[in-house]
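Colleague: Take this structure first; my questions come after.
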Amino acid sequence: MREVSQSSITYSNFLNAAGELTQSLPSFASQDALISLYQHMLLTRLFDLKAINLQRIGKLNTYASSLGQEAVSVGIGASMDKEDVFCPYYRDYGAQLMRGVKMSEILSFWKGDERGNCFSKCENDFSICVPIATQLLHATGVATAFKLRKQKRVVVTSCGDGATSEGDFYEALNIAGVWQLPVVFVINNNQWAISLPLDAQTHAKTLAQKAIAAGISGEQVDGNDVVAVKFVVDRAIAKARVGNGPSVIEALTYRLGDHTTADDANGYRSQDKYGEVLQQAWKEEPLLRLRRYLFEKKYWSEAEEEQLKKRYHATIEMAVAEYLALPKPTITDLFDYHYATLPADLSEQRIEAEALFRLHEIGKE
């Protein structure tokens with residue numbers, strides 16, 4: 001018997017939970033760069049909190065929070081070039097905001113308004129993907145187009161740990177490996193696939209090692225350390241851009257809240273079994289970690305924090321006002337954007353739907 005293959009998974013981290021350096025910072029991590037990363041994470045968290053509050057008062061439909069996972073998304077957003085394409089899942093508001101998606105567009109999406117999928121400033125990025133893992137295949141399609149066109153562009157796509165149990169995940173990795181596509185897969189391993197804990201979902205020691213079967217590189221990163229996330233995503237994008245193929249990055253973090261606003265994690269994440277784990281996760285969350293480092297280095301202060309929060313709250317309220325002022329979609333929107341010429345049977349249904357909608361509106365008067 002002889003050994004025919006050997007692989008290993010590396011792990012990257014620069015800031016520990018106490019905000020202390022575990023190794024020298026990478027070259028991009030200047031004072032201004034660190035402050036910027038922190039500010040983007042703070043904006044993401046404040047926006048996230050507002051969205052949850054809107055849902056609670058009936059002004060938004062079911063919403064998926066990114067609480068505690070801001071470093072993953074912001075790290076992605078900080079690494080991508082404008083001409084790259086992002087195929088996100090449903091907790092990537094940090095990257096989306098950094099790439100120019102408007103808050104009102106994100107809110108419109110979660111209201112069920114299709115106009116929330118049409119981004120005014122980054123029209124090439126894909127919309128939020130709720131079906132699990134399908135966005136990974138979309139990403140490989142876009143990456144294939146880049147390769148055929150010989151463009152120096154990269155696709156970054158993200159998913160949760162639950163998506164790594166889907167067939168689409170393996171299919172996307174397989175074709176990316178075979179064709180050596182310019183795509184980076186980022187797994188936000190927040191330890192929960194809705195109510196299913198990671199150890200009940202996979203027997204693999206890491207999710208990153210699932211890349212090995214596809215013949216592509218996989219690595220882990222501390223998903224609560226935005227510096228480390230940007231560092232590894234930078235490296236993976238640079239590799240893909242010069243034609244050296246895809247990468248899988250498993251970002252280790254923790255879902256501090258419910259899966260969505262339609263979920264109650266207390267029903268499966270009991271205090272007796274997971275209380276200490278959750279308490280520890282709050283101590284390791286990304287904003288607290290970087291804030292400690294910035295305060296220690298005197299790069300940032302409480303006064304600056306409060307001033308920035310006021311500015312961000314004002315920005316968010318303006319975005320909410322814009323979202324609430326949007327005219328309601330019409331019932332005919334269901335029919336108007338599928339065909340250049342509407343088939344006869346759907347034309348009849350359109351007329352019937354419009355008439356029923358008018359009767360409904362009259363009944364409310």
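The chains in the structure tokens are called A, B, ... from first to last as shown; in each chain the residues are counted from 1, and the ligands are counted from 1 in the order shown.
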Give me the residues within 10 Å of Cys118 in chain A as a ChimeraX atom specification, counting only C-alpha atoms and dropping any in the same chain fewer than 2 places off.

Modeller: /A:101,105-106,109,114-116,120-127

Colleague: Can you list, as a count of residues only, every protein, DNA or RNA residue that comes within 9 Å of range 42-49 of chain A when you count only C-alpha atoms, leaving out same-chain residues fewer than 6 positions away?

Modeller: 16

Colleague: Can you pull out every residue within 10 Å of Glu166 in chain A, counting only C-alpha atoms, but drop anything in the same chain fewer than 5 positions away, and send it as an MDAnalysis selection string?

Modeller: chainID A and resid 132:134 161 171

Colleague: Could you write those residues out with all heavy atoms, as a short mmCIF file (atom, residue, chain, number, x, y, z; two decimals), in the first residue's frame?

Modeller:
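The file below, part34.cif, is the result:
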```cif
data_model
loop_
_atom_site.label_atom_id
_atom_site.label_comp_id
_atom_site.auth_asym_id
_atom_site.auth_seq_id
_atom_site.Cartn_x
_atom_site.Cartn_y
_atom_site.Cartn_z
N ILE A 132 -31.13 27.51 -0.92
CA ILE A 132 -29.83 27.15 -0.36
C ILE A 132 -28.88 26.60 -1.43
O ILE A 132 -29.17 25.59 -2.07
CB ILE A 132 -30.00 26.12 0.78
CG1 ILE A 132 -30.98 26.65 1.83
CG2 ILE A 132 -28.65 25.81 1.42
CD1 ILE A 132 -30.60 27.97 2.46
N ALA A 133 -27.75 27.27 -1.60
CA ALA A 133 -26.60 26.86 -2.41
C ALA A 133 -26.76 27.08 -3.91
O ALA A 133 -25.78 26.90 -4.65
CB ALA A 133 -26.23 25.40 -2.15
N THR A 134 -27.92 27.49 -4.39
CA THR A 134 -28.07 27.68 -5.84
C THR A 134 -27.17 28.81 -6.36
O THR A 134 -26.74 28.77 -7.51
CB THR A 134 -29.53 27.97 -6.22
OG1 THR A 134 -29.99 29.11 -5.48
CG2 THR A 134 -30.42 26.79 -5.89
N ASP A 161 -23.09 27.34 6.44
CA ASP A 161 -22.59 25.97 6.63
C ASP A 161 -23.60 24.93 6.15
O ASP A 161 -23.23 23.88 5.64
CB ASP A 161 -22.22 25.72 8.09
CG ASP A 161 -23.28 26.18 9.07
OD1 ASP A 161 -23.38 27.41 9.28
OD2 ASP A 161 -24.00 25.34 9.62
N GLU A 171 -21.49 20.25 -6.72
CA GLU A 171 -21.48 20.43 -8.17
C GLU A 171 -20.72 21.69 -8.56
O GLU A 171 -19.94 21.70 -9.52
CB GLU A 171 -22.91 20.47 -8.70
CG GLU A 171 -23.65 19.14 -8.58
CD GLU A 171 -25.15 19.30 -8.71
OE1 GLU A 171 -25.60 20.39 -9.12
OE2 GLU A 171 -25.88 18.33 -8.41
#
```

Colleague: Looking at A:Tyr268, A:Trp192, A:Tyr339, A:Trp300, which one is nearest to Thr253 in chain A, with distances taken over only C-alpha atoms?

Modeller: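 The answer is A:Trp192, which sits nearest to Thr253 in chain A.
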
Colleague: Could you check how far CA of Thr332 in chain A sits from CA of Lys111 in chain A, in Å to one decimal?

Modeller: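 Pair CA of Thr332 in chain A / CA of Lys111 in chain A returns 17.4 Å.
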
Colleague: Per DSSP on the backbone, what are the strand (DSSP E or B) residues of range 32-232 of chain A, as a VMD selection string?

Modeller: chain A and resid 85 to 87 155 to 160 183 to 189 192 to 193 196 to 197 217 to 222

Colleague: What does the file look like for those residues with N, CA and C atoms, as a PDB file, in the first residue's frame?

Modeller:
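Output (selection.pdb):
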```pdb
ATOM      1  N   VAL A  85     -17.803  40.371  -9.570  1.00  0.00           N
ATOM      2  CA  VAL A  85     -19.226  40.093  -9.386  1.00  0.00           C
ATOM      3  C   VAL A  85     -19.431  39.334  -8.083  1.00  0.00           C
ATOM      4  N   PHE A  86     -20.454  39.737  -7.352  1.00  0.00           N
ATOM      5  CA  PHE A  86     -20.780  39.112  -6.075  1.00  0.00           C
ATOM      6  C   PHE A  86     -22.086  38.352  -6.215  1.00  0.00           C
ATOM      7  N   CYS A  87     -22.071  37.077  -5.807  1.00  0.00           N
ATOM      8  CA  CYS A  87     -23.277  36.243  -5.767  1.00  0.00           C
ATOM      9  C   CYS A  87     -23.534  35.883  -4.301  1.00  0.00           C
ATOM     10  N   VAL A 155     -15.378  36.176  -9.520  1.00  0.00           N
ATOM     11  CA  VAL A 155     -16.674  36.049  -8.853  1.00  0.00           C
ATOM     12  C   VAL A 155     -16.429  35.603  -7.415  1.00  0.00           C
ATOM     13  N   VAL A 156     -17.074  36.269  -6.482  1.00  0.00           N
ATOM     14  CA  VAL A 156     -17.066  35.822  -5.091  1.00  0.00           C
ATOM     15  C   VAL A 156     -18.488  35.423  -4.736  1.00  0.00           C
ATOM     16  N   THR A 157     -18.634  34.261  -4.149  1.00  0.00           N
ATOM     17  CA  THR A 157     -19.954  33.799  -3.738  1.00  0.00           C
ATOM     18  C   THR A 157     -19.880  33.288  -2.308  1.00  0.00           C
ATOM     19  N   SER A 158     -20.985  33.391  -1.604  1.00  0.00           N
ATOM     20  CA  SER A 158     -21.008  33.029  -0.183  1.00  0.00           C
ATOM     21  C   SER A 158     -22.165  32.090   0.107  1.00  0.00           C
ATOM     22  N   CYS A 159     -22.038  31.391   1.211  1.00  0.00           N
ATOM     23  CA  CYS A 159     -23.105  30.500   1.648  1.00  0.00           C
ATOM     24  C   CYS A 159     -22.929  30.228   3.134  1.00  0.00           C
ATOM     25  N   GLY A 160     -23.933  29.616   3.733  1.00  0.00           N
ATOM     26  CA  GLY A 160     -23.830  29.204   5.121  1.00  0.00           C
ATOM     27  C   GLY A 160     -23.318  27.782   5.229  1.00  0.00           C
ATOM     28  N   VAL A 183     -13.242  31.886  -9.339  1.00  0.00           N
ATOM     29  CA  VAL A 183     -14.326  32.037  -8.361  1.00  0.00           C
ATOM     30  C   VAL A 183     -13.806  31.712  -6.971  1.00  0.00           C
ATOM     31  N   VAL A 184     -14.288  32.469  -5.990  1.00  0.00           N
ATOM     32  CA  VAL A 184     -13.938  32.258  -4.588  1.00  0.00           C
ATOM     33  C   VAL A 184     -15.216  31.921  -3.829  1.00  0.00           C
ATOM     34  N   PHE A 185     -15.220  30.775  -3.164  1.00  0.00           N
ATOM     35  CA  PHE A 185     -16.359  30.336  -2.354  1.00  0.00           C
ATOM     36  C   PHE A 185     -16.067  30.656  -0.887  1.00  0.00           C
ATOM     37  N   VAL A 186     -16.936  31.433  -0.255  1.00  0.00           N
ATOM     38  CA  VAL A 186     -16.765  31.759   1.167  1.00  0.00           C
ATOM     39  C   VAL A 186     -17.908  31.136   1.952  1.00  0.00           C
ATOM     40  N   ILE A 187     -17.569  30.250   2.878  1.00  0.00           N
ATOM     41  CA  ILE A 187     -18.564  29.606   3.734  1.00  0.00           C
ATOM     42  C   ILE A 187     -18.622  30.341   5.068  1.00  0.00           C
ATOM     43  N   ASN A 188     -19.770  30.904   5.367  1.00  0.00           N
ATOM     44  CA  ASN A 188     -19.981  31.523   6.677  1.00  0.00           C
ATOM     45  C   ASN A 188     -20.443  30.416   7.626  1.00  0.00           C
ATOM     46  N   ASN A 189     -19.503  29.814   8.316  1.00  0.00           N
ATOM     47  CA  ASN A 189     -19.829  28.718   9.227  1.00  0.00           C
ATOM     48  C   ASN A 189     -20.231  29.300  10.578  1.00  0.00           C
ATOM     49  N   TRP A 192     -24.818  26.838  12.698  1.00  0.00           N
ATOM     50  CA  TRP A 192     -26.209  26.414  12.713  1.00  0.00           C
ATOM     51  C   TRP A 192     -26.811  26.457  11.312  1.00  0.00           C
ATOM     52  N   ALA A 193     -27.404  25.351  10.886  1.00  0.00           N
ATOM     53  CA  ALA A 193     -28.208  25.308   9.668  1.00  0.00           C
ATOM     54  C   ALA A 193     -29.671  25.348  10.117  1.00  0.00           C
ATOM     55  N   LEU A 196     -30.312  23.032  13.042  1.00  0.00           N
ATOM     56  CA  LEU A 196     -29.414  21.875  13.057  1.00  0.00           C
ATOM     57  C   LEU A 196     -27.988  22.309  13.382  1.00  0.00           C
ATOM     58  N   PRO A 197     -27.427  21.838  14.491  1.00  0.00           N
ATOM     59  CA  PRO A 197     -26.039  22.195  14.810  1.00  0.00           C
ATOM     60  C   PRO A 197     -25.061  21.520  13.868  1.00  0.00           C
ATOM     61  N   SER A 217      -8.071  24.384  -3.523  1.00  0.00           N
ATOM     62  CA  SER A 217      -7.551  24.695  -2.198  1.00  0.00           C
ATOM     63  C   SER A 217      -8.664  25.104  -1.244  1.00  0.00           C
ATOM     64  N   GLY A 218      -8.527  24.703   0.022  1.00  0.00           N
ATOM     65  CA  GLY A 218      -9.464  25.091   1.062  1.00  0.00           C
ATOM     66  C   GLY A 218      -8.711  25.523   2.296  1.00  0.00           C
ATOM     67  N   GLU A 219      -9.247  26.508   2.990  1.00  0.00           N
ATOM     68  CA  GLU A 219      -8.620  26.972   4.222  1.00  0.00           C
ATOM     69  C   GLU A 219      -9.669  27.530   5.169  1.00  0.00           C
ATOM     70  N   GLN A 220      -9.300  27.614   6.441  1.00  0.00           N
ATOM     71  CA  GLN A 220     -10.148  28.209   7.463  1.00  0.00           C
ATOM     72  C   GLN A 220      -9.616  29.579   7.837  1.00  0.00           C
ATOM     73  N   VAL A 221     -10.536  30.416   8.299  1.00  0.00           N
ATOM     74  CA  VAL A 221     -10.161  31.726   8.805  1.00  0.00           C
ATOM     75  C   VAL A 221     -11.055  32.046   9.999  1.00  0.00           C
ATOM     76  N   ASP A 222     -10.536  32.830  10.919  1.00  0.00           N
ATOM     77  CA  ASP A 222     -11.324  33.312  12.049  1.00  0.00           C
ATOM     78  C   ASP A 222     -12.347  34.307  11.510  1.00  0.00           C
TER      79      ASP A 222
END
```

Colleague: Could you name the residues that touch Gly112 in chain A at 9 Å or less, counting only C-alpha atoms, but leaving out those on the same chain fewer than 5 positions away, as a list of chain:residue names?

Modeller: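 In the requested form, the answer reads A:Leu60, A:Asn61, A:Leu107.
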
Colleague: Those same residues, written as a PDB file, in the first residue's frame with C-alpha atoms?

Modeller:
```pdb
ATOM      1  CA  LEU A  60     -40.973  44.415   6.756  1.00  0.00           C
ATOM      2  CA  ASN A  61     -41.512  40.738   6.068  1.00  0.00           C
ATOM      3  CA  LEU A 107     -35.380  46.468   2.649  1.00  0.00           C
TER       4      LEU A 107
END
```

Colleague: For a test of reading the model, state the distance in Å between CA of Phe357 in chain A and CA of Ile52 in chain A, rounded to one decimal.

Modeller: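 CA of Phe357 in chain A sits 29.7 Å away from CA of Ile52 in chain A.
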
Colleague: Range 9-22 of chain A: which residues within 9 Å, counting only C-alpha atoms, same-chain residues fewer than 3 positions away excluded, as a ChimeraX atom specification?

Modeller: /A:25-26,206,208-209,217-229,231-232,283-286,288-294,296

Colleague: Please measure the separation of CA of Val178 in chain A and CA of Lys82 in chain A, giving the value in Å to one decimal.

Modeller: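 Pair CA of Val178 in chain A / CA of Lys82 in chain A returns 26.8 Å.
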
Colleague: Identify, on the basis of only C-alpha atoms, every residue whose closest approach to Asn174 in chain A does not exceed 12 Å; exclude the query and any residue fewer than 6 positions from it along the same chain; express the result as a list in words.

Modeller: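 Here the qualifying residues turn out to be Leu136, Leu137, Thr140, Gly167, Asp168, Gln180, Leu181, Lys210, Ala211, Ile212, Ala213, Ala214, Gly215, Ile216, Gly245, Pro246, Ser247 and Val248 of chain A.
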
Colleague: Store the residues picked out above in a file with all heavy atoms, as a short mmCIF file (atom, residue, chain, number, x, y, z; two decimals), in the first residue's frame.

Modeller:
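File written: part-v1.cif
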```
data_model
loop_
_atom_site.label_atom_id
_atom_site.label_comp_id
_atom_site.auth_asym_id
_atom_site.auth_seq_id
_atom_site.Cartn_x
_atom_site.Cartn_y
_atom_site.Cartn_z
N LEU A 136 -24.20 29.36 -5.74
CA LEU A 136 -22.86 28.86 -6.03
C LEU A 136 -22.74 28.43 -7.48
O LEU A 136 -21.70 28.63 -8.13
CB LEU A 136 -22.51 27.71 -5.09
CG LEU A 136 -22.69 27.97 -3.59
CD1 LEU A 136 -22.32 26.73 -2.80
CD2 LEU A 136 -21.88 29.17 -3.14
N LEU A 137 -23.80 27.84 -8.00
CA LEU A 137 -23.82 27.46 -9.40
C LEU A 137 -23.94 28.68 -10.31
O LEU A 137 -23.35 28.73 -11.39
CB LEU A 137 -24.96 26.47 -9.68
CG LEU A 137 -24.74 25.07 -9.10
CD1 LEU A 137 -26.01 24.25 -9.17
CD2 LEU A 137 -23.60 24.36 -9.82
N THR A 140 -20.47 29.99 -10.68
CA THR A 140 -19.61 29.27 -11.63
C THR A 140 -19.97 29.60 -13.07
O THR A 140 -19.10 29.63 -13.95
CB THR A 140 -19.68 27.74 -11.41
OG1 THR A 140 -21.04 27.30 -11.56
CG2 THR A 140 -19.16 27.36 -10.04
N GLY A 167 -26.32 19.29 -2.74
CA GLY A 167 -25.69 18.83 -3.97
C GLY A 167 -25.13 19.97 -4.80
O GLY A 167 -24.09 19.84 -5.44
N ASP A 168 -25.84 21.10 -4.81
CA ASP A 168 -25.38 22.26 -5.59
C ASP A 168 -23.98 22.70 -5.17
O ASP A 168 -23.19 23.15 -6.01
CB ASP A 168 -26.35 23.43 -5.42
CG ASP A 168 -27.72 23.16 -6.01
OD1 ASP A 168 -28.10 21.98 -6.09
OD2 ASP A 168 -28.40 24.12 -6.38
N GLN A 180 -11.05 25.17 -13.65
CA GLN A 180 -10.16 26.16 -13.03
C GLN A 180 -10.73 27.58 -13.17
O GLN A 180 -10.09 28.49 -13.72
CB GLN A 180 -8.76 26.06 -13.62
CG GLN A 180 -7.98 24.84 -13.14
CD GLN A 180 -7.65 24.91 -11.65
OE1 GLN A 180 -6.72 25.62 -11.24
NE2 GLN A 180 -8.42 24.21 -10.83
N LEU A 181 -11.91 27.75 -12.64
CA LEU A 181 -12.65 29.00 -12.81
C LEU A 181 -12.19 30.07 -11.81
O LEU A 181 -11.78 29.76 -10.69
CB LEU A 181 -14.14 28.74 -12.62
CG LEU A 181 -14.78 27.79 -13.64
CD1 LEU A 181 -16.24 27.55 -13.29
CD2 LEU A 181 -14.64 28.34 -15.05
N LYS A 210 -13.73 20.05 2.36
CA LYS A 210 -14.60 19.57 1.29
C LYS A 210 -14.10 20.04 -0.07
O LYS A 210 -14.46 19.45 -1.10
CB LYS A 210 -16.04 20.01 1.53
CG LYS A 210 -16.64 19.40 2.81
CD LYS A 210 -18.11 19.69 2.97
CE LYS A 210 -18.67 18.97 4.21
NZ LYS A 210 -20.13 19.07 4.33
N ALA A 211 -13.26 21.06 -0.08
CA ALA A 211 -12.66 21.53 -1.32
C ALA A 211 -11.67 20.51 -1.89
O ALA A 211 -11.46 20.45 -3.10
CB ALA A 211 -11.95 22.87 -1.08
N ILE A 212 -11.07 19.73 -1.02
CA ILE A 212 -10.01 18.80 -1.44
C ILE A 212 -10.54 17.79 -2.46
O ILE A 212 -9.86 17.45 -3.43
CB ILE A 212 -9.42 18.07 -0.22
CG1 ILE A 212 -8.76 19.10 0.72
CG2 ILE A 212 -8.43 17.01 -0.63
CD1 ILE A 212 -8.37 18.54 2.07
N ALA A 213 -11.78 17.34 -2.25
CA ALA A 213 -12.37 16.36 -3.18
C ALA A 213 -12.53 16.93 -4.57
O ALA A 213 -12.54 16.19 -5.56
CB ALA A 213 -13.72 15.89 -2.65
N ALA A 214 -12.63 18.26 -4.66
CA ALA A 214 -12.78 18.92 -5.97
C ALA A 214 -11.43 19.30 -6.56
O ALA A 214 -11.37 19.88 -7.64
CB ALA A 214 -13.67 20.15 -5.83
N GLY A 215 -10.36 19.01 -5.82
CA GLY A 215 -9.03 19.32 -6.33
C GLY A 215 -8.69 20.79 -6.26
O GLY A 215 -7.85 21.28 -7.02
N ILE A 216 -9.34 21.52 -5.35
CA ILE A 216 -9.04 22.94 -5.20
C ILE A 216 -8.64 23.22 -3.75
O ILE A 216 -8.83 22.40 -2.86
CB ILE A 216 -10.23 23.83 -5.63
CG1 ILE A 216 -11.46 23.60 -4.74
CG2 ILE A 216 -10.61 23.56 -7.07
CD1 ILE A 216 -12.65 24.45 -5.13
N GLY A 245 -7.04 29.52 -10.55
CA GLY A 245 -8.14 28.70 -10.09
C GLY A 245 -8.87 29.15 -8.85
O GLY A 245 -8.54 30.18 -8.23
N PRO A 246 -9.86 28.36 -8.46
CA PRO A 246 -10.78 28.71 -7.37
C PRO A 246 -10.23 28.38 -5.99
O PRO A 246 -9.23 27.67 -5.85
CB PRO A 246 -12.01 27.86 -7.67
CG PRO A 246 -11.43 26.63 -8.31
CD PRO A 246 -10.25 27.11 -9.12
N SER A 247 -10.92 28.89 -4.98
CA SER A 247 -10.57 28.61 -3.58
C SER A 247 -11.85 28.49 -2.76
O SER A 247 -12.88 29.09 -3.10
CB SER A 247 -9.71 29.73 -2.99
OG SER A 247 -8.52 29.92 -3.71
N VAL A 248 -11.75 27.76 -1.67
CA VAL A 248 -12.82 27.68 -0.67
C VAL A 248 -12.27 28.22 0.64
O VAL A 248 -11.20 27.82 1.10
CB VAL A 248 -13.31 26.23 -0.47
CG1 VAL A 248 -14.26 26.14 0.72
CG2 VAL A 248 -13.99 25.72 -1.73
#
```

Colleague: Which parts of range 35-228 of chain A does DSSP call alpha helix (DSSP H) when run on the backbone here, written out as a ChimeraX atom specification?

Modeller: /A:35-56,70-79,93-98,103-110,134-148,167-179,226-228
